[in-house]
file data29.pdb (PDB, C-alpha atoms, pLDDT in the B column)
ATOM      1  CA  MET X  23       0.000   0.000   0.000  1.00 43.00           C
ATOM      2  CA  THR X  24       1.422   3.356  -1.023  1.00 49.00           C
ATOM      3  CA  LEU X  25       1.518   6.116   1.563  1.00 53.00           C
ATOM      4  CA  PRO X  26      -1.061   8.739   0.580  1.00 59.00           C
ATOM      5  CA  PHE X  27       0.520  11.457  -1.542  1.00 63.00           C
ATOM      6  CA  ALA X  28      -0.438  14.217   0.908  1.00 67.00           C
ATOM      7  CA  SER X  29       1.276  12.352   3.770  1.00 84.00           C
ATOM      8  CA  PHE X  30       4.509  11.898   1.819  1.00 87.00           C
ATOM      9  CA  ASP X  31       4.313  15.502   0.662  1.00 87.00           C
ATOM     10  CA  SER X  32       4.023  16.654   4.292  1.00 90.00           C
ATOM     11  CA  TRP X  33       6.935  14.444   5.327  1.00 93.00           C
ATOM     12  CA  PHE X  34       9.090  15.802   2.496  1.00 94.00           C
ATOM     13  CA  ALA X  35       8.166  19.427   3.218  1.00 93.00           C
ATOM     14  CA  ALA X  36       9.093  19.023   6.904  1.00 95.00           C
ATOM     15  CA  ARG X  37      12.690  17.988   6.096  1.00 97.00           C
ATOM     16  CA  PRO X  38      15.489  20.524   6.673  1.00 98.00           C
ATOM     17  CA  THR X  39      17.191  22.203   3.720  1.00 97.00           C
ATOM     18  CA  ASN X  40      20.848  22.491   2.812  1.00 96.00           C
ATOM     19  CA  ALA X  41      22.144  24.729   0.017  1.00 93.00           C
ATOM     20  CA  GLY X  42      18.522  25.200  -1.107  1.00 95.00           C
ATOM     21  CA  PHE X  43      17.793  21.468  -1.375  1.00 97.00           C
ATOM     22  CA  THR X  44      15.751  19.211   0.875  1.00 98.00           C
ATOM     23  CA  GLN X  45      18.141  17.216   3.027  1.00 98.00           C
ATOM     24  CA  ILE X  46      17.436  13.565   3.766  1.00 97.00           C
ATOM     25  CA  SER X  47      21.057  12.313   4.086  1.00 96.00           C
ATOM     26  CA  GLN X  48      24.345  13.971   4.849  1.00 96.00           C
ATOM     27  CA  GLU X  49      25.859  15.526   1.747  1.00 95.00           C
ATOM     28  CA  ARG X  50      28.914  14.020   0.076  1.00 94.00           C
ATOM     29  CA  SER X  51      30.884  15.495  -2.796  1.00 91.00           C
ATOM     30  CA  TYR X  52      31.697  13.385  -5.814  1.00 90.00           C
ATOM     31  CA  ALA X  53      35.246  11.994  -5.975  1.00 87.00           C
ATOM     32  CA  PHE X  54      36.052  14.283  -8.930  1.00 87.00           C
ATOM     33  CA  VAL X  55      35.006  17.774 -10.001  1.00 89.00           C
ATOM     34  CA  GLU X  56      31.263  17.545 -10.657  1.00 91.00           C
ATOM     35  CA  GLU X  57      31.341  20.203 -13.382  1.00 88.00           C
ATOM     36  CA  ASP X  58      33.762  18.015 -15.406  1.00 88.00           C
ATOM     37  CA  TYR X  59      31.551  14.900 -15.309  1.00 87.00           C
ATOM     38  CA  ASP X  60      29.878  15.448 -18.693  1.00 83.00           C
ATOM     39  CA  LYS X  61      33.181  15.581 -20.588  1.00 81.00           C
ATOM     40  CA  GLN X  62      32.851  11.805 -21.046  1.00 79.00           C
ATOM     41  CA  TYR X  63      29.757  12.251 -23.233  1.00 72.00           C
ATOM     42  CA  ASN X  64      30.029  13.227 -26.889  1.00 66.00           C
ATOM     43  CA  ASN X  65      26.488  14.501 -27.340  1.00 61.00           C
ATOM     44  CA  LEU X  66      24.621  16.361 -24.634  1.00 62.00           C
ATOM     45  CA  ASP X  67      21.623  17.113 -26.865  1.00 64.00           C
ATOM     46  CA  ASP X  68      20.071  13.708 -26.187  1.00 67.00           C
ATOM     47  CA  TYR X  69      19.724  14.300 -22.436  1.00 73.00           C
ATOM     48  CA  PRO X  70      15.910  14.138 -22.289  1.00 84.00           C
ATOM     49  CA  ALA X  71      15.669  10.990 -24.465  1.00 88.00           C
ATOM     50  CA  GLU X  72      16.467   8.423 -21.766  1.00 90.00           C
ATOM     51  CA  GLY X  73      14.025   9.774 -19.202  1.00 93.00           C
ATOM     52  CA  VAL X  74      11.248  10.271 -21.748  1.00 93.00           C
ATOM     53  CA  GLY X  75      11.788   6.693 -22.919  1.00 94.00           C
ATOM     54  CA  LEU X  76      11.549   5.364 -19.375  1.00 95.00           C
ATOM     55  CA  CYS X  77       8.292   7.261 -18.745  1.00 94.00           C
ATOM     56  CA  ARG X  78       6.738   5.958 -21.948  1.00 94.00           C
ATOM     57  CA  VAL X  79       7.690   2.333 -21.197  1.00 95.00           C
ATOM     58  CA  LEU X  80       6.176   2.596 -17.717  1.00 94.00           C
ATOM     59  CA  GLN X  81       2.971   4.128 -19.085  1.00 92.00           C
ATOM     60  CA  ARG X  82       2.730   1.505 -21.834  1.00 94.00           C
ATOM     61  CA  HIS X  83       2.914  -1.246 -19.203  1.00 95.00           C
ATOM     62  CA  ASN X  84       0.362   0.422 -16.902  1.00 92.00           C
ATOM     63  CA  VAL X  85       2.773   0.804 -13.987  1.00 91.00           C
ATOM     64  CA  ASP X  86       1.259   2.461 -10.893  1.00 89.00           C
ATOM     65  CA  LEU X  87       2.136   6.139 -11.229  1.00 90.00           C
ATOM     66  CA  ASN X  88       0.031   7.434  -8.317  1.00 90.00           C
ATOM     67  CA  GLY X  89       2.899   8.014  -5.885  1.00 91.00           C
ATOM     68  CA  PRO X  90       6.007  10.156  -6.268  1.00 94.00           C
ATOM     69  CA  ALA X  91       8.989   8.894  -8.265  1.00 95.00           C
ATOM     70  CA  LEU X  92      12.508   8.981  -6.873  1.00 97.00           C
ATOM     71  CA  GLU X  93      15.730   9.116  -8.836  1.00 97.00           C
ATOM     72  CA  ILE X  94      18.842   7.998  -6.965  1.00 97.00           C
ATOM     73  CA  GLY X  95      22.070   9.739  -8.005  1.00 96.00           C
ATOM     74  CA  CYS X  96      20.826  12.195 -10.611  1.00 96.00           C
ATOM     75  CA  GLY X  97      24.348  13.417 -11.332  1.00 94.00           C
ATOM     76  CA  THR X  98      24.111  15.943 -14.171  1.00 93.00           C
ATOM     77  CA  GLY X  99      20.545  15.042 -15.106  1.00 92.00           C
ATOM     78  CA  LYS X 100      20.959  12.554 -17.952  1.00 90.00           C
ATOM     79  CA  LEU X 101      17.892  10.574 -16.804  1.00 94.00           C
ATOM     80  CA  THR X 102      16.265  13.376 -14.811  1.00 94.00           C
ATOM     81  CA  SER X 103      15.757  15.712 -17.759  1.00 91.00           C
ATOM     82  CA  GLY X 104      13.318  13.539 -19.662  1.00 92.00           C
ATOM     83  CA  MET X 105      11.643  12.168 -16.546  1.00 94.00           C
ATOM     84  CA  ALA X 106      10.957  15.696 -15.317  1.00 92.00           C
ATOM     85  CA  LEU X 107       9.654  16.943 -18.654  1.00 88.00           C
ATOM     86  CA  GLU X 108       7.418  13.891 -19.191  1.00 87.00           C
ATOM     87  CA  CYS X 109       6.558  13.394 -15.497  1.00 84.00           C
ATOM     88  CA  PRO X 110       3.393  11.268 -15.108  1.00 89.00           C
ATOM     89  CA  TRP X 111       3.816  11.097 -11.302  1.00 91.00           C
ATOM     90  CA  PRO X 112       2.521  13.573  -8.730  1.00 92.00           C
ATOM     91  CA  TYR X 113       6.149  14.674  -8.641  1.00 91.00           C
ATOM     92  CA  LEU X 114       9.697  13.487  -9.243  1.00 95.00           C
ATOM     93  CA  ILE X 115      12.363  13.783  -6.569  1.00 97.00           C
ATOM     94  CA  ALA X 116      15.810  13.999  -8.142  1.00 97.00           C
ATOM     95  CA  THR X 117      18.413  13.111  -5.534  1.00 98.00           C
ATOM     96  CA  ASP X 118      22.158  13.050  -5.221  1.00 97.00           C
ATOM     97  CA  PRO X 119      24.488  13.212  -2.228  1.00 97.00           C
ATOM     98  CA  SER X 120      26.298  16.082  -3.971  1.00 97.00           C
ATOM     99  CA  PRO X 121      24.599  19.509  -3.892  1.00 97.00           C
ATOM    100  CA  ALA X 122      26.876  20.471  -6.817  1.00 96.00           C
ATOM    101  CA  PHE X 123      25.270  17.782  -8.994  1.00 96.00           C
ATOM    102  CA  LEU X 124      21.802  18.967  -7.943  1.00 97.00           C
ATOM    103  CA  ARG X 125      22.727  22.526  -9.015  1.00 96.00           C
ATOM    104  CA  ILE X 126      24.065  21.245 -12.358  1.00 94.00           C
ATOM    105  CA  THR X 127      20.864  19.287 -13.016  1.00 93.00           C
ATOM    106  CA  SER X 128      18.727  22.286 -12.092  1.00 94.00           C
ATOM    107  CA  LYS X 129      20.697  24.526 -14.482  1.00 91.00           C
ATOM    108  CA  ARG X 130      20.494  21.908 -17.258  1.00 87.00           C
ATOM    109  CA  LEU X 131      16.713  21.795 -16.983  1.00 88.00           C
ATOM    110  CA  ALA X 132      16.550  25.591 -16.982  1.00 88.00           C
ATOM    111  CA  SER X 133      18.640  25.596 -20.185  1.00 85.00           C
ATOM    112  CA  LEU X 134      15.972  23.461 -21.870  1.00 81.00           C
ATOM    113  CA  GLY X 135      13.653  26.439 -21.489  1.00 77.00           C
ATOM    114  CA  ARG X 136      11.167  24.721 -19.193  1.00 72.00           C
ATOM    115  CA  LYS X 137      10.947  24.636 -15.445  1.00 74.00           C
ATOM    116  CA  PRO X 138       9.257  21.356 -14.566  1.00 83.00           C
ATOM    117  CA  GLU X 139       6.582  22.090 -11.974  1.00 85.00           C
ATOM    118  CA  LYS X 140       6.638  18.547 -10.626  1.00 89.00           C
ATOM    119  CA  LEU X 141      10.382  18.329  -9.937  1.00 94.00           C
ATOM    120  CA  ARG X 142      11.890  18.521  -6.475  1.00 95.00           C
ATOM    121  CA  TYR X 143      15.495  18.066  -5.405  1.00 97.00           C
ATOM    122  CA  ALA X 144      16.940  16.353  -2.335  1.00 98.00           C
ATOM    123  CA  ILE X 145      20.285  15.400  -0.892  1.00 98.00           C
ATOM    124  CA  LEU X 146      20.128  11.631  -0.474  1.00 97.00           C
ATOM    125  CA  ARG X 147      22.682   8.831  -0.547  1.00 96.00           C
ATOM    126  CA  GLY X 148      21.519   5.636  -2.184  1.00 93.00           C
ATOM    127  CA  ASP X 149      22.430   3.701   0.955  1.00 93.00           C
ATOM    128  CA  ASP X 150      19.944   5.790   2.960  1.00 94.00           C
ATOM    129  CA  LEU X 151      16.684   4.755   1.283  1.00 93.00           C
ATOM    130  CA  HIS X 152      15.583   3.355   4.631  1.00 92.00           C
ATOM    131  CA  LEU X 153      15.180   6.975   5.811  1.00 94.00           C
ATOM    132  CA  LEU X 154      12.171   7.442   3.505  1.00 94.00           C
ATOM    133  CA  PRO X 155       8.663   6.534   4.639  1.00 92.00           C
ATOM    134  CA  GLU X 156       7.983   2.894   3.814  1.00 88.00           C
ATOM    135  CA  ALA X 157       5.885   2.097   0.715  1.00 87.00           C
ATOM    136  CA  SER X 158       5.660   5.761  -0.260  1.00 89.00           C
ATOM    137  CA  LEU X 159       6.914   5.770  -3.864  1.00 92.00           C
ATOM    138  CA  SER X 160       5.697   4.478  -7.211  1.00 92.00           C
ATOM    139  CA  LEU X 161       9.177   4.282  -8.692  1.00 94.00           C
ATOM    140  CA  VAL X 162      12.834   4.236  -7.701  1.00 96.00           C
ATOM    141  CA  SER X 163      15.059   4.858 -10.725  1.00 96.00           C
ATOM    142  CA  MET X 164      18.766   5.244 -11.309  1.00 95.00           C
ATOM    143  CA  ARG X 165      21.265   5.519 -14.119  1.00 92.00           C
ATOM    144  CA  SER X 166      24.955   4.640 -13.731  1.00 88.00           C
ATOM    145  CA  THR X 167      24.607   4.660  -9.953  1.00 90.00           C
ATOM    146  CA  LEU X 168      24.382   1.133  -8.562  1.00 90.00           C
ATOM    147  CA  HIS X 169      28.166   0.824  -8.264  1.00 89.00           C
ATOM    148  CA  HIS X 170      28.068   3.596  -5.618  1.00 88.00           C
ATOM    149  CA  ILE X 171      25.811   1.504  -3.351  1.00 90.00           C
ATOM    150  CA  LEU X 172      27.780  -0.331  -0.652  1.00 89.00           C
ATOM    151  CA  ASP X 173      25.147  -2.934   0.291  1.00 92.00           C
ATOM    152  CA  VAL X 174      23.258  -3.736  -2.910  1.00 92.00           C
ATOM    153  CA  GLU X 175      21.019  -6.378  -1.305  1.00 93.00           C
ATOM    154  CA  ALA X 176      19.898  -3.980   1.443  1.00 91.00           C
ATOM    155  CA  PHE X 177      19.351  -1.273  -1.183  1.00 91.00           C
ATOM    156  CA  ILE X 178      17.133  -3.519  -3.300  1.00 92.00           C
ATOM    157  CA  ALA X 179      15.219  -4.573  -0.184  1.00 91.00           C
ATOM    158  CA  SER X 180      14.671  -0.893   0.675  1.00 89.00           C
ATOM    159  CA  CYS X 181      13.452  -0.202  -2.853  1.00 88.00           C
ATOM    160  CA  ALA X 182      10.996  -3.085  -2.637  1.00 86.00           C
TER     161      ALA X 182
END
call {"tool": "encode", "arguments": {"input": "data29.pdb", "output": "structure tokens"}}
result
Amino acid sequence: MTLPFASFDSWFAARPTNAGFTQISQERSYAFVEEDYDKQYNNLDDYPAEGVGLCRVLQRHNVDLNGPALEIGCGTGKLTSGMALECPWPYLIATDPSPAFLRITSKRLASLGRKPEKLRYAILRGDDLHLLPEASLSLVSMRSTLHHILDVEAFIASCA
């Protein structure tokens, strides 16, 4: 049973903020300069494609979209961009332990010329999913992040 949206919304709104982002976990900087992360990609124009594709697959398969969606480790927004623009959930929470990555993702979405109304940002480490209210999300997504999780079995159990 999913926690009612209003209850999760109240829980989320009551969290403290840090650097303008909701704080669920302690922040942690990336091992390298966050602003240099995208140098590994040849084409940044396709940023929204992955997230839009994910949303469409979920809709096609009638996945429950009534609760909020959570993205673990948004980094520079490669998955976030399309998910936020296509967002079929009450809202999407893009998370990362690094406030610098959250700022980069926010700027990337602003550069697309649209400010997604349903997007929220939070500082959260993937290993801290247990801090969220149980059974409160419709989706937990991630891209290129699982290798940062120390206890994968516990993480998957928390997601379930």
call {"tool": "closest_residue", "arguments": {"input": "data29.pdb", "among": "X:Phe177, X:Phe43, X:Tyr143, X:Phe123", "to": "X:Leu92", "atoms": "only C-alpha atoms"}}
result
X:Tyr143
call {"tool": "atom_distance", "arguments": {"input": "data29.pdb", "atom1": "atom CA of X:Asp60", "atom2": "atom CA of X:Gly97"}}
result
9.4 Å
call {"tool": "resolve_selection", "arguments": {"input": "data29.pdb", "expression": "the PyMOL selection byres ((chain X and resi 39) around 12)", "output": "list in words"}}
result
Phe34, Ala35, Ala36, Arg37, Pro38, Asn40, Ala41, Gly42, Phe43, Thr44, Gln45, Ile46, Ser47, Gln48, Glu49, Pro121, Tyr143, Ala144, Ile145 and Leu146 of chain X
call {"tool": "write_last_selection", "arguments": {"input": "data29.pdb", "atoms": "C-alpha atoms", "output": "CSV table (one decimal), keeping the file's coordinate frame"}}
result
chain,number,residue,atom,x,y,z
X,34,PHE,CA,9.1,15.8,2.5
X,35,ALA,CA,8.2,19.4,3.2
X,36,ALA,CA,9.1,19.0,6.9
X,37,ARG,CA,12.7,18.0,6.1
X,38,PRO,CA,15.5,20.5,6.7
X,40,ASN,CA,20.8,22.5,2.8
X,41,ALA,CA,22.1,24.7,0.0
X,42,GLY,CA,18.5,25.2,-1.1
X,43,PHE,CA,17.8,21.5,-1.4
X,44,THR,CA,15.8,19.2,0.9
X,45,GLN,CA,18.1,17.2,3.0
X,46,ILE,CA,17.4,13.6,3.8
X,47,SER,CA,21.1,12.3,4.1
X,48,GLN,CA,24.3,14.0,4.8
X,49,GLU,CA,25.9,15.5,1.7
X,121,PRO,CA,24.6,19.5,-3.9
X,143,TYR,CA,15.5,18.1,-5.4
X,144,ALA,CA,16.9,16.4,-2.3
X,145,ILE,CA,20.3,15.4,-0.9
X,146,LEU,CA,20.1,11.6,-0.5
call {"tool": "atom_distance", "arguments": {"input": "data29.pdb", "atom1": "atom CA of X:Thr98", "atom2": "atom CA of X:Met164"}}
result
12.3 Å
call {"tool": "closest_residue", "arguments": {"input": "data29.pdb", "among": "X:Leu159, X:Ile126, X:Ile171, X:Leu80", "to": "X:Glu93", "atoms": "all atoms listed in the file"}}
result
X:Leu159
call {"tool": "closest_atom_pairs", "arguments": {"input": "data29.pdb", "of": "stretch 31-80 of chain X", "to": "stretch 99-113 of chain X", "cutoff": "8 Å", "atoms": "only C-alpha atoms", "output": "tab-separated table"}}
result
residue	atom	partner	partner_atom	distance
X:Tyr69	CA	X:Lys100	CA	5.0
X:Pro70	CA	X:Gly104	CA	3.7
X:Ala71	CA	X:Gly104	CA	5.9
X:Glu72	CA	X:Leu101	CA	5.6
X:Gly73	CA	X:Gly104	CA	3.9
X:Val74	CA	X:Gly104	CA	4.4
X:Gly75	CA	X:Gly104	CA	7.7
X:Leu76	CA	X:Met105	CA	7.4
X:Cys77	CA	X:Met105	CA	6.3
call {"tool": "atom_distance", "arguments": {"input": "data29.pdb", "atom1": "atom CA of X:Gln62", "atom2": "atom CA of X:Gly148"}}
result
22.9 Å
call {"tool": "closest_residue", "arguments": {"input": "data29.pdb", "among": "X:Ile115, X:Ser32, X:Ala53, X:Gly95", "to": "X:Ser166", "atoms": "only C-alpha atoms"}}
result
X:Gly95
call {"tool": "closest_residue", "arguments": {"input": "data29.pdb", "among": "X:Ile94, X:Ala116, X:Leu134, X:Tyr59", "to": "X:Leu168", "atoms": "only C-alpha atoms"}}
result
X:Ile94
call {"tool": "closest_residue", "arguments": {"input": "data29.pdb", "among": "X:Asp173, X:Ser160, X:Ala182, X:Cys96", "to": "X:Asn84", "atoms": "only C-alpha atoms"}}
result
X:Ser160
call {"tool": "closest_residue", "arguments": {"input": "data29.pdb", "among": "X:Val79, X:Val85, X:Cys181, X:Leu114", "to": "X:Pro138", "atoms": "all atoms listed in the file"}}
result
X:Leu114
call {"tool": "axis_aligned_box", "arguments": {"input": "data29.pdb", "around": "stretch 137-149 of chain X", "padding_each_side": "3 Å", "output": "AutoDock Vina command-line options"}}
result
--center_x 14.6 --center_y 14.2 --center_z -7.2 --size_x 22.1 --size_y 26.9 --size_z 22.4
